[in-house]
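Visitor: Quick one: structure below, then a few questions.
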Amino acid sequence: ADTMKIGITQNNVGVDSYQTTYEKAFIAAAQANPDIEAVVLDAGGDVARQIAQVEDLIQQQVDAIIIWPTNGEAVVPAVRKAHSAGIPVIVTNSNIAEQGFEFAASFSGPDNITQGARAAEIMCEKFTEMGIETEAQIVQISGQPGYTTAIERAKGFEDRLPEVCPDVTLVETQPGDWNREKSQKVMEAFLVKYDDIDGVYAGDDNMGVGALNAAKAAGRDGIIFVGATNFSVGYEAMERGEYWGSIYQSPVDDAEAALKTALDVLSGAEVPFLNYFDTPKITQENMDQFDKPVF
Amino acid sequence: MTSFTPALRLQDIVKTFPGVRALDGVSLTVLPGEVHALMGENGAGKSTLMRVLGGVLQPNSGRILIGEEPTIMASPLDAKSKGVVFIHQELSLAEELSVAENVYLGELPRKSFGRVDWDRLHEKTAAILDKLKVGFTPQTRVGDLSLANQQMVEIARALTVDAKAVIFDEPTASLTDAEKVVLFDVIADLKARGVGVIYISHRMEEIFHMTDRISILRDGQYRGTLHTAETSEEELTQLMIGRKLDLSRKINHAEVGAVALEVRGLSCGRLYSDVSFEVRRGEVLGFYGLVGAGRTEVAETLFGLRDPDAGQILLDGEEVRIGSPVEAIARGISLVPEDRKGQGLVLGMNCRDNMTLPQVDDLKAGPFVAEGAEIAIFDQYRDKLDIRTPGWRQKVGNLSGGNQQKIVIAKWLSMHPNVLIVDEPTRGIDVGSKSEIHNLIRDLAANGFAVIVISSEMPEVLHVSDRIVAMHHGKVIRTFTSEEVTEESLVQAISGIVAETAA
Amino acid sequence: MNTLNTNDLLKQGAIWGFIVLELVFFTVAGKYLSLSQNAFMDLDNMLLLFKQSAPIGIIALGMTVIMINGNIDLSVGAIFALCAVVLLDSMSWPFLTGLGDWVIPVSWGLALLTGVVLGAINGLIVWKTGVDAFIVTLGAMLGYRGLVFMFNGEQPTSHLNWTLVDFAEAQFLGLHTATWFLLGVAVALWLLMTRTVHGRNAYAIGDNREAAVNAGIRVGPHMMINFMIIGFLAGLSAVVFYSESGSVNPNDGSLYELWAITAVVLGGTKLTGGSGSIISTLGGVLAIQLLRKGLGHIGADTETVNLVIGSILIAVLFLDRQLNRKAKGELRT
Amino acid sequence: MAEMTKRDVGQFLARQGILVAFVIFIIGFTLANQRFLAVDNVLGVIRSSAILGVMALGVTFVVISGNLDLSVGSMMSFSTIVVLDLHDKIGPSLAIPAMFAMTMCLGALIGFLVGYLKLNSLIVTLGMLSAIHGLTLTYSGGKNMDIADKEGTWFSLFGQGSALGIPVPILMFALLAALLSLLLAKTAFGRKVYAVGGNGVAATFSGIRRARVVFLTYVISSFCVACAGLLQASRSMGSQNTVGQGLELEVLAAVILGGASLLGGSGTVFKTVIGVLILGFIQNGLLLVGLEFYVQYVVTWVIIILAVWLDIAANRGRLWSPIA
Ligand SMILES: Nc1ncnc2c1ncn2[C@@H]1O[C@H](COP(=O)(O)OP(=O)(O)OP(=O)(O)O)[C@@H](O)[C@H]1O
Ligand SMILES: Nc1ncnc2c1ncn2[C@@H]1O[C@H](COP(=O)(O)OP(=O)(O)OP(=O)(O)O)[C@@H](O)[C@H]1O
Ligand SMILES: [Mg+2]
Ligand SMILES: [Mg+2]
């Protein structure tokens, strides 16, 4: 069979274990398929480098390009370039801006808005169960400022919360930069500042666990922690009963879905534009239905 | 003295620094066409006064008059535009730039759009260099020149503008005799053109050779002006340091002992070759030569700073390889380097710490440095060398040039070396301290140390040395004993003339 | 101007030698490791090299001027981002929308002006307070970045204008728009530094500041002008790049200062000031971009890329020193 | 006389510009939020500043000797990841010395390159920043590193324990600061560090082994980084590969804020500690007041420049620079 050359340019691999696991999974999946040769690139979080990588991939005449945008809007012209060179572009993990939809073949990834909304629901359900849904106060620790994923999750959460729990107040949001340590510092300050914190929503489990560590160190019990992208640390904390819930999202699924979408596009199959893979709620109650995340 | 309108006047200038009253109501009048000497001990305030005149410093009070017009020297450029050119005591050059760019630094000739007019620049510079009879071109990189030639570049600046007054702050400190002659020609020329020249130097022979009047500062105060023709060294010294100085040549040859250091056929690249000599305990060996003769390089090799290509170094009869200053110091060699700012001192450090730096490892109180011992060393040498400073805490960078030099000397004297090498030890040092240092050098020898003195001042070499090595172009031409040496034979030797017949 | 001796030539040649080495290595390695049938030294790929070097390159050229002058500017990445924000945001300012596509030059002008002003602020602080440029611009790196965030919170600022994108993607005589800007800036700065009084004075100030002061060179204004130049160039870099990409994240341009400085030093400019060359910096920029492209070409993974780039930096520094090794017998200090 | 004293006080205040700025900030934040000066909060801030602080102590040595160290952040990630990984493999009592050895090898490598080979420290440490990051990623395979049994180990002592009511990180920071302060201010080695930074050539001419001194400053710096890594790992018992990313500039900012000159030859450990605390309290204070994190950037900018400006203005005796 003809080998297909697929190039991928990722956002920032070294920065967290989700992205690293994604890269590993992608390479593994590509190697498992004898018909695929993969060119794996990483933009290191820099838009300029990503655009250069798309240009390089076009120049190398790959058959398809998968892009994990560093900035959903800034890469649109680069995607258009690939499009006009006749190379289909598959967007992965977080979507590009709408102006670019006409140039992209397909998007594959999680629905971050829904994830945020689901996190709000998890939190609200727990409060209702505890009977504090009328007066609960929560804080939010968001992801790295400027990243689509961070923005969408926060938006999903903030929009959904008042719908399900109109009386819960979100008192403050600060970014934790996807960084456990930073998040721990932010939480320490929150704890000093607010006597009453009933819940914490963190943009991912890594930051959620940072916040949890801060609360433990300060001896503040009874806070409900909800995160996203269930990391193994989060999963363990849930096992210990310290962490309430999260959103189950596997980078392996993410990577495999992207590759599969690319193959579908190349084989000429009918592919829907938005290929969300499912990211279910995970809480202490249903966690036995999920494998412990590998990252 | 062609006119009675002074070229410039300074009136009641006061300048203070934190803790120091550097100038205390100093007045000075310079006439057109005169060479006016400014003299005083190290730290008397000469450079400070000139920095005030040259717009580098602003006085606390007092007036400056140029041609009887009261003016404010807001900046060096301002001073220059008012006809005052300042040749600094310390080299003030941009090494990466060409000679021409340095000579016209701050005033490069322009074409349209702010472009440099290279042709005009090189032409004008070449004309000046011609006058100075130097062996380099306007395009040469200044960093590639020797110290003396760099000094000549600095002097070339005096000839760039139509000056009313030119200040030379110790211009001869790093010149050897050949360039000095040229410099004196330049000064004579300026004088003939009716320019007022202010000349700062610690060298009596220069002062008496070419100045018309002498003003004296002491501890920041004006001590009077003398006509050179009507005064004597003694009177001057008396005014400067407040006491008489015994300048008589008192060579007391000590008991000369065993050979402490012997050098055989030492060579180092293009710098010098086949250098051989020996120094005995109790002896002072002088090194005399023209610029670029390679004396400094020999000293640096002995101190482990250069790797020789060939030859042997023997200490107390035993061949040694000196790989670094650490080893040299361990073997009892000390070097007072010629460039005090670059090589001798950590300017941002205080006086005491600078002085004890080479032996800080040995001054121990438990795991810590014994500060008491350090202060004792400092006090001892401050008194011995008469170092003027408000205290040991003063940063060395704030001392006057001469006092900085004394710190460097003290630093190496306090090591009690077996072999002491001093390179231009009295560069920029006032007469009083100079004779003090000469005496110290003699005393050291008398106490059984071997001393090597590298100097570009003939009187100094003649005065302190038991024997003199004359070098020319990296080669030893001759070695004289103090009995046989004459000024004439020495000059011949350093010019490369081998006088076979010399006695 | 200095006459070049062989030593100088060798010194300046080091970076070009390194580039040749990279080209050879990646061409050969690419034959075995790359998936691409296209040779690494394909003309289009080399043209892309120039284009891709532009964003950091334009800034690095300005950094050369700053560093020759004896200063450093760590805030360029933040200036770059802030100019981009102004560029893209101003395109949708209500009172400018009436201009149609004429909004483009206006926005460009505003972005460049922003760069100049930010540079001027740095320059003015360095001049008037006497605080070291490293510290002033380290502070500004944070401060300006804070301003970027204040502009639009944590959201990206976007405005995709296809006219502009087409212009930015255009090729004239085979060279991309960005390349033209890069080369234009290189020529202009080369002329500035070698031919003009300002340039020569900048060298003198970097070489020996005290001497420059003593000679009456007005150090402050020269430094300020140079900071304005690099501010302008950071703005220009943003203008060129964001005209094509149309959206700026508040984090964009972080670490650009470090890459720019790296390129300048690879080009042989002294960190202490007083010497350096614009053309060699161009070499430094190309060398870095070539390295990145090449590693991508042969399919190195993220860990390796980090390791290799780091080690190469040190290796080049080492090689450069070996090439410029002092003669035997030289002073050991 | 009275006037004189007044001027002296003024001079003192100006000279200690950093301290003054510090006090003003503390007062300001306290007025804005009374909890700022609550014992918990103060201890909390110092504890979380301790990691940055410990690194800054080491970098102070490097900066005084006239060099830079931009690799500390990435090196700290390395030590954190290594000690966490080894903890589960060989137990904490072996893991800690092993991690120290590995980290200090990296420090020695940098010290060798900068000290003995005399390569430019900015570029060398910039290169090492990237290279060590690559090394860490290779070591961990890019995964987060977590201690499996977080409850059953005494390893948490360093980051989370406390003695005499004071958290261990604070004790460790204080102890290291005291030791290093003595080393710098009172020993021959310290004197040499100042001399090498002040004038390297003169130091060589004075028989100081310059290369060795520079080498040792980097070893000290890496030792401090290893301590920071230990605190970090023990505090969160798990970590990302990028935990120290970006800290190099914060560390440098703290050292500069403390008044060390980047040209070398000046600075003290005590002042660095103040610099660290200022940064920590600003961060915390702004969070308490509820300002966006990016306001902190702007405030830090203003403070750094004001503090350094005040400091040098006091030294030269006039506010504005004499540069024409
Ligand atoms: N920037 C400064 N800060 C503090 N004190 C200073 C400063 N500059 C000079 N001084 C002090 O002012 C006094 C006069 O110094 P100046 O340099 O004018 O002496 P000088 O007469 O030129 O001496 P020399 O012959 O050694 O060059 C000295 O005590 C010196 O320590
Ligand atoms: N910058 C330089 N570049 C090349 N050669 C130099 C340089 N400086 C000096 N030389 C050469 O080195 C040798 C010794 O020079 P140097 O001037 O240091 O000797 P010196 O006897 O110590 O003179 P000084 O009286 O200045 O101390 C000469 O052959 C000279 O030509
Ligand atoms: Mg003087
Ligand atoms: Mg000499």
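Following the order of the structure tokens, chains are lettered A, B, ..., residues in each are numbered from 1, and ligands are numbered from 1.
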Neighbours of ligand 2 within 6 Å, counting only C-alpha atoms and all ligand atoms, as a list in words?
Guide: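 Within the 6 Å cut-off, the matching residues are Asp144, Leu145, Ser146, Leu147, Ala148, Leu271, Leu290, Val291, Gly292, Ala293, Gly294, Arg295, Thr296, Glu297, Ser456, His473 and Gly474 of chain B.
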Visitor: Could you list, as a ChimeraX atom specification, all protein and nucleic acid residues with an atom at most 9 Å from ligand 1, counting only C-alpha atoms and all ligand atoms?
Guide: /B:15-23,38-51,89,169-170,200-202,217-220,388-390,394-405,428-430 /D:316
Visitor: Please identify all polymer residues within 10 Å of Leu192 in chain C, counting only C-alpha atoms, omitting same-chain residues fewer than 6 positions from it, and present them as a PDB file with C-alpha atoms, in the first residue's frame.
Guide:
ATOM      1  CA  GLY B 114      24.836  62.259   9.919  1.00  0.00           C
ATOM      2  CA  ARG B 115      27.336  60.215   7.964  1.00  0.00           C
TER       3      ARG B 115
ATOM      4  CA  VAL C  65      22.824  47.819  18.113  1.00  0.00           C
ATOM      5  CA  ALA C 186      19.936  44.560   8.065  1.00  0.00           C
ATOM      6  CA  HIS C 198      25.558  57.986  15.709  1.00  0.00           C
ATOM      7  CA  GLY C 199      26.716  54.465  14.960  1.00  0.00           C
ATOM      8  CA  ARG C 200      30.368  55.173  15.660  1.00  0.00           C
ATOM      9  CA  ILE C 278      25.119  43.503  12.115  1.00  0.00           C
TER      10      ILE C 278
END
Visitor: Could you pull the residues within 8 Å of range 80-84 of chain C, counting only C-alpha atoms, minus those fewer than 3 positions along the same chain, as a list of chain:residue names?
Guide: C:Val76, C:Gly77, C:Leu87, C:Leu88, C:Ala111, C:Leu112, C:Thr114, C:Gly115, C:Tyr144, C:Arg145, C:Leu147, C:Val148, C:Ala234, C:Gly235, C:Ser237, C:Ala238, C:Val239, C:Tyr242, C:Val248, C:Asn249, C:Pro250, C:Asn251, C:Asp252, C:Gly253
Visitor: Enumerate, as a PyMOL selection string, the complete set of residues in range 2-158 of chain A that a backbone-based DSSP assignment places in strand (DSSP E).
Guide: chain A and resi 4-10+36-42+64-67+89-92+106-109+137-142
Visitor: Which residue out of C:Leu266, C:Met141, C:Leu191, C:Leu99 has the minimum interatomic distance to chain B when only C-alpha atoms are used?
Guide: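 Closest candidate: C:Leu191.
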Visitor: Between B:Val35, B:Val14, B:Ile421, B:Leu190, which has the minimum distance to ligand 4 (counting only C-alpha atoms and all ligand atoms)?
Guide: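 For ligand 4, the nearest of the given residues is B:Ile421.
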Visitor: In range 126-326 of chain C, what's helix (DSSP H, G or I) per DSSP? Answer as a PyMOL selection string?
Guide: chain C and resi 126-129+133-152+162-169+177-195+197-207+209-214+219-245+256-266+278-297+302-323
Visitor: Using only C-alpha atoms, I'd like every residue of chain A that has an atom within 7 Å of chain C; please write them out as a list in words.
Guide: Val13, Val39, Val40, Leu41, Asp42, Asp46, Ala52, Gln59, Gln60, Asn71, Glu73, Ala74, Val75, Pro77, Pro145 and Gly146 of chain A
Visitor: Write out as a tab-separated table (two decimals) with all heavy atoms, in the first residue's frame which residues come within 8 Å of Asn275 in chain A when counting only C-alpha atoms, dropping same-chain ones fewer than 5 positions away.
Guide:
chain	number	residue	atom	x	y	z
A	106	SER	N	-11.10	18.86	9.26
A	106	SER	CA	-11.87	18.34	10.37
A	106	SER	C	-11.23	18.73	11.70
A	106	SER	O	-10.05	19.04	11.75
A	106	SER	CB	-11.93	16.81	10.27
A	106	SER	OG	-12.63	16.29	11.37
A	107	PHE	N	-12.05	18.70	12.75
A	107	PHE	CA	-11.50	18.89	14.08
A	107	PHE	C	-11.72	17.64	14.89
A	107	PHE	O	-12.78	17.02	14.83
A	107	PHE	CB	-12.18	20.08	14.79
A	107	PHE	CG	-11.90	20.12	16.27
A	107	PHE	CD1	-10.66	20.56	16.73
A	107	PHE	CD2	-12.84	19.68	17.20
A	107	PHE	CE1	-10.37	20.58	18.09
A	107	PHE	CE2	-12.55	19.70	18.56
A	107	PHE	CZ	-11.33	20.15	18.99
A	108	SER	N	-10.73	17.26	15.65
A	108	SER	CA	-10.87	16.11	16.52
A	108	SER	C	-10.36	16.48	17.89
A	108	SER	O	-9.26	17.00	18.01
A	108	SER	CB	-10.08	14.94	15.93
A	108	SER	OG	-9.48	14.20	16.94
A	109	GLY	N	-11.17	16.27	18.92
A	109	GLY	CA	-10.70	16.62	20.25
A	109	GLY	C	-11.82	16.68	21.26
A	109	GLY	O	-12.96	16.34	20.94
Visitor: Counting only C-alpha atoms, what is within 12 Å of Asn69 in chain C, bar same-chain residues fewer than 6 positions away, as a PyMOL selection string?
Guide: chain C and resi 62-63+123+133+193+198-209+212+219-227+230+269-277
Visitor: Identify, on the basis of only C-alpha atoms, every residue whose closest approach to Thr301 in chain B does not exceed 9 Å; exclude the query and any residue fewer than 5 positions from it along the same chain; express the result as a ChimeraX atom specification.
Guide: /B:268,296,306-308,322-323 /C:329,331
Visitor: Could you list, as a list in words, every residue of chain A that has an atom within 7 Å of an atom of chain D, counting only C-alpha atoms?
Guide: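 Result: Gly14, Val15, Asp16, Ser17, Thr20, Asn179, Glu181, Ala189, Val192, Lys193, Asn213 and Phe295 of chain A.
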Visitor: Restricting it to all heavy atoms, dump the selection as a PDB file, in the first residue's frame.
Guide:
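So the final result, stored in part-v9.pdb, reads:
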ATOM      1  N   GLY A  14       6.725  19.666  26.074  1.00  0.00           N
ATOM      2  CA  GLY A  14       7.390  19.488  27.368  1.00  0.00           C
ATOM      3  C   GLY A  14       6.606  20.013  28.546  1.00  0.00           C
ATOM      4  O   GLY A  14       6.942  19.745  29.687  1.00  0.00           O
ATOM      5  N   VAL A  15       5.549  20.774  28.287  1.00  0.00           N
ATOM      6  CA  VAL A  15       5.002  21.566  29.369  1.00  0.00           C
ATOM      7  C   VAL A  15       4.184  20.780  30.380  1.00  0.00           C
ATOM      8  O   VAL A  15       4.167  21.076  31.550  1.00  0.00           O
ATOM      9  CB  VAL A  15       4.230  22.782  28.810  1.00  0.00           C
ATOM     10  CG1 VAL A  15       2.824  22.391  28.439  1.00  0.00           C
ATOM     11  CG2 VAL A  15       4.251  23.920  29.791  1.00  0.00           C
ATOM     12  N   ASP A  16       3.463  19.780  29.926  1.00  0.00           N
ATOM     13  CA  ASP A  16       2.773  18.956  30.922  1.00  0.00           C
ATOM     14  C   ASP A  16       2.651  17.521  30.443  1.00  0.00           C
ATOM     15  O   ASP A  16       2.903  17.211  29.288  1.00  0.00           O
ATOM     16  CB  ASP A  16       1.400  19.541  31.285  1.00  0.00           C
ATOM     17  CG  ASP A  16       0.474  19.586  30.101  1.00  0.00           C
ATOM     18  OD1 ASP A  16       0.412  18.593  29.355  1.00  0.00           O
ATOM     19  OD2 ASP A  16      -0.189  20.622  29.900  1.00  0.00           O
ATOM     20  N   SER A  17       2.263  16.653  31.344  1.00  0.00           N
ATOM     21  CA  SER A  17       2.320  15.244  30.996  1.00  0.00           C
ATOM     22  C   SER A  17       1.177  14.857  30.057  1.00  0.00           C
ATOM     23  O   SER A  17       1.255  13.858  29.375  1.00  0.00           O
ATOM     24  CB  SER A  17       2.310  14.380  32.244  1.00  0.00           C
ATOM     25  OG  SER A  17       1.178  14.686  33.005  1.00  0.00           O
ATOM     26  N   THR A  20       2.768  15.340  26.726  1.00  0.00           N
ATOM     27  CA  THR A  20       3.823  14.346  26.490  1.00  0.00           C
ATOM     28  C   THR A  20       3.214  12.994  26.194  1.00  0.00           C
ATOM     29  O   THR A  20       3.656  12.284  25.291  1.00  0.00           O
ATOM     30  CB  THR A  20       4.722  14.210  27.732  1.00  0.00           C
ATOM     31  OG1 THR A  20       4.634  15.392  28.492  1.00  0.00           O
ATOM     32  CG2 THR A  20       6.139  13.965  27.340  1.00  0.00           C
ATOM     33  N   ASN A 179       0.021  24.734  36.412  1.00  0.00           N
ATOM     34  CA  ASN A 179       1.207  24.435  37.208  1.00  0.00           C
ATOM     35  C   ASN A 179       0.785  24.160  38.651  1.00  0.00           C
ATOM     36  O   ASN A 179       0.130  24.980  39.293  1.00  0.00           O
ATOM     37  CB  ASN A 179       2.148  25.637  37.110  1.00  0.00           C
ATOM     38  CG  ASN A 179       3.434  25.447  37.874  1.00  0.00           C
ATOM     39  OD1 ASN A 179       3.431  24.969  39.010  1.00  0.00           O
ATOM     40  ND2 ASN A 179       4.526  25.838  37.263  1.00  0.00           N
ATOM     41  N   GLU A 181       2.474  23.917  41.411  1.00  0.00           N
ATOM     42  CA  GLU A 181       3.108  24.776  42.400  1.00  0.00           C
ATOM     43  C   GLU A 181       2.454  26.160  42.436  1.00  0.00           C
ATOM     44  O   GLU A 181       2.115  26.689  43.484  1.00  0.00           O
ATOM     45  CB  GLU A 181       4.593  24.887  42.059  1.00  0.00           C
ATOM     46  CG  GLU A 181       5.390  25.764  42.954  1.00  0.00           C
ATOM     47  CD  GLU A 181       5.310  25.326  44.410  1.00  0.00           C
ATOM     48  OE1 GLU A 181       5.015  24.156  44.695  1.00  0.00           O
ATOM     49  OE2 GLU A 181       5.532  26.193  45.260  1.00  0.00           O
ATOM     50  N   ALA A 189      -3.166  31.839  49.163  1.00  0.00           N
ATOM     51  CA  ALA A 189      -3.653  33.209  49.336  1.00  0.00           C
ATOM     52  C   ALA A 189      -5.166  33.234  49.473  1.00  0.00           C
ATOM     53  O   ALA A 189      -5.719  33.960  50.306  1.00  0.00           O
ATOM     54  CB  ALA A 189      -3.213  34.068  48.163  1.00  0.00           C
ATOM     55  N   VAL A 192      -6.196  32.387  52.970  1.00  0.00           N
ATOM     56  CA  VAL A 192      -6.007  33.466  53.922  1.00  0.00           C
ATOM     57  C   VAL A 192      -7.122  34.498  53.758  1.00  0.00           C
ATOM     58  O   VAL A 192      -7.659  35.033  54.709  1.00  0.00           O
ATOM     59  CB  VAL A 192      -4.636  34.141  53.702  1.00  0.00           C
ATOM     60  CG1 VAL A 192      -4.517  35.384  54.559  1.00  0.00           C
ATOM     61  CG2 VAL A 192      -3.518  33.169  54.007  1.00  0.00           C
ATOM     62  N   LYS A 193      -7.462  34.714  52.511  1.00  0.00           N
ATOM     63  CA  LYS A 193      -8.373  35.800  52.209  1.00  0.00           C
ATOM     64  C   LYS A 193      -9.828  35.452  52.546  1.00  0.00           C
ATOM     65  O   LYS A 193     -10.579  36.298  53.016  1.00  0.00           O
ATOM     66  CB  LYS A 193      -8.256  36.094  50.716  1.00  0.00           C
ATOM     67  CG  LYS A 193      -8.785  37.430  50.312  1.00  0.00           C
ATOM     68  CD  LYS A 193      -8.330  37.716  48.891  1.00  0.00           C
ATOM     69  CE  LYS A 193      -9.120  38.854  48.313  1.00  0.00           C
ATOM     70  NZ  LYS A 193      -8.849  39.002  46.888  1.00  0.00           N
ATOM     71  N   ASN A 213      -3.404  20.398  48.125  1.00  0.00           N
ATOM     72  CA  ASN A 213      -2.248  20.395  49.026  1.00  0.00           C
ATOM     73  C   ASN A 213      -2.261  21.626  49.930  1.00  0.00           C
ATOM     74  O   ASN A 213      -1.976  21.537  51.125  1.00  0.00           O
ATOM     75  CB  ASN A 213      -0.941  20.390  48.220  1.00  0.00           C
ATOM     76  CG  ASN A 213      -0.655  19.018  47.638  1.00  0.00           C
ATOM     77  OD1 ASN A 213      -1.250  18.029  48.053  1.00  0.00           O
ATOM     78  ND2 ASN A 213       0.237  18.977  46.670  1.00  0.00           N
ATOM     79  N   PHE A 295      -1.016   9.137  33.111  1.00  0.00           N
ATOM     80  CA  PHE A 295      -0.115  10.311  33.094  1.00  0.00           C
ATOM     81  C   PHE A 295      -0.335  11.169  34.313  1.00  0.00           C
ATOM     82  O   PHE A 295      -1.298  10.957  35.051  1.00  0.00           O
ATOM     83  CB  PHE A 295      -0.354  11.121  31.816  1.00  0.00           C
ATOM     84  CG  PHE A 295      -1.763  11.620  31.683  1.00  0.00           C
ATOM     85  CD1 PHE A 295      -2.090  12.912  32.068  1.00  0.00           C
ATOM     86  CD2 PHE A 295      -2.749  10.790  31.205  1.00  0.00           C
ATOM     87  CE1 PHE A 295      -3.389  13.356  31.965  1.00  0.00           C
ATOM     88  CE2 PHE A 295      -4.042  11.246  31.097  1.00  0.00           C
ATOM     89  CZ  PHE A 295      -4.372  12.518  31.476  1.00  0.00           C
TER      90      PHE A 295
END
Visitor: Contacts from chain C to chain D, 9 Å maximum, only C-alpha atoms: show me the residue list as a PyMOL selection string.
Guide: chain C and resi 125-132+134-150+153+213+216-221+258+261-262+265+271+302-314+317-318+321+332-333
Visitor: Per residue of chain D within 6 Å of chain B, note the shortest atom pair and the distance in Å to one decimal, counting only C-alpha atoms, and order the rows by chain and increasing residue number, as a tab-separated table.
Guide:
residue	atom	partner	partner_atom	distance
D:Lys186	CA	B:Phe368	CA	5.3
D:Thr187	CA	B:Phe368	CA	4.5
D:Ala188	CA	B:Asp361	CA	5.6
D:Gly198	CA	B:Val346	CA	5.5
D:Asn199	CA	B:Val346	CA	5.1
D:Val201	CA	B:Gln343	CA	5.5
D:Ala202	CA	B:Gln343	CA	4.1
D:Ser206	CA	B:Pro358	CA	4.9
D:Gly207	CA	B:Val326	CA	4.4
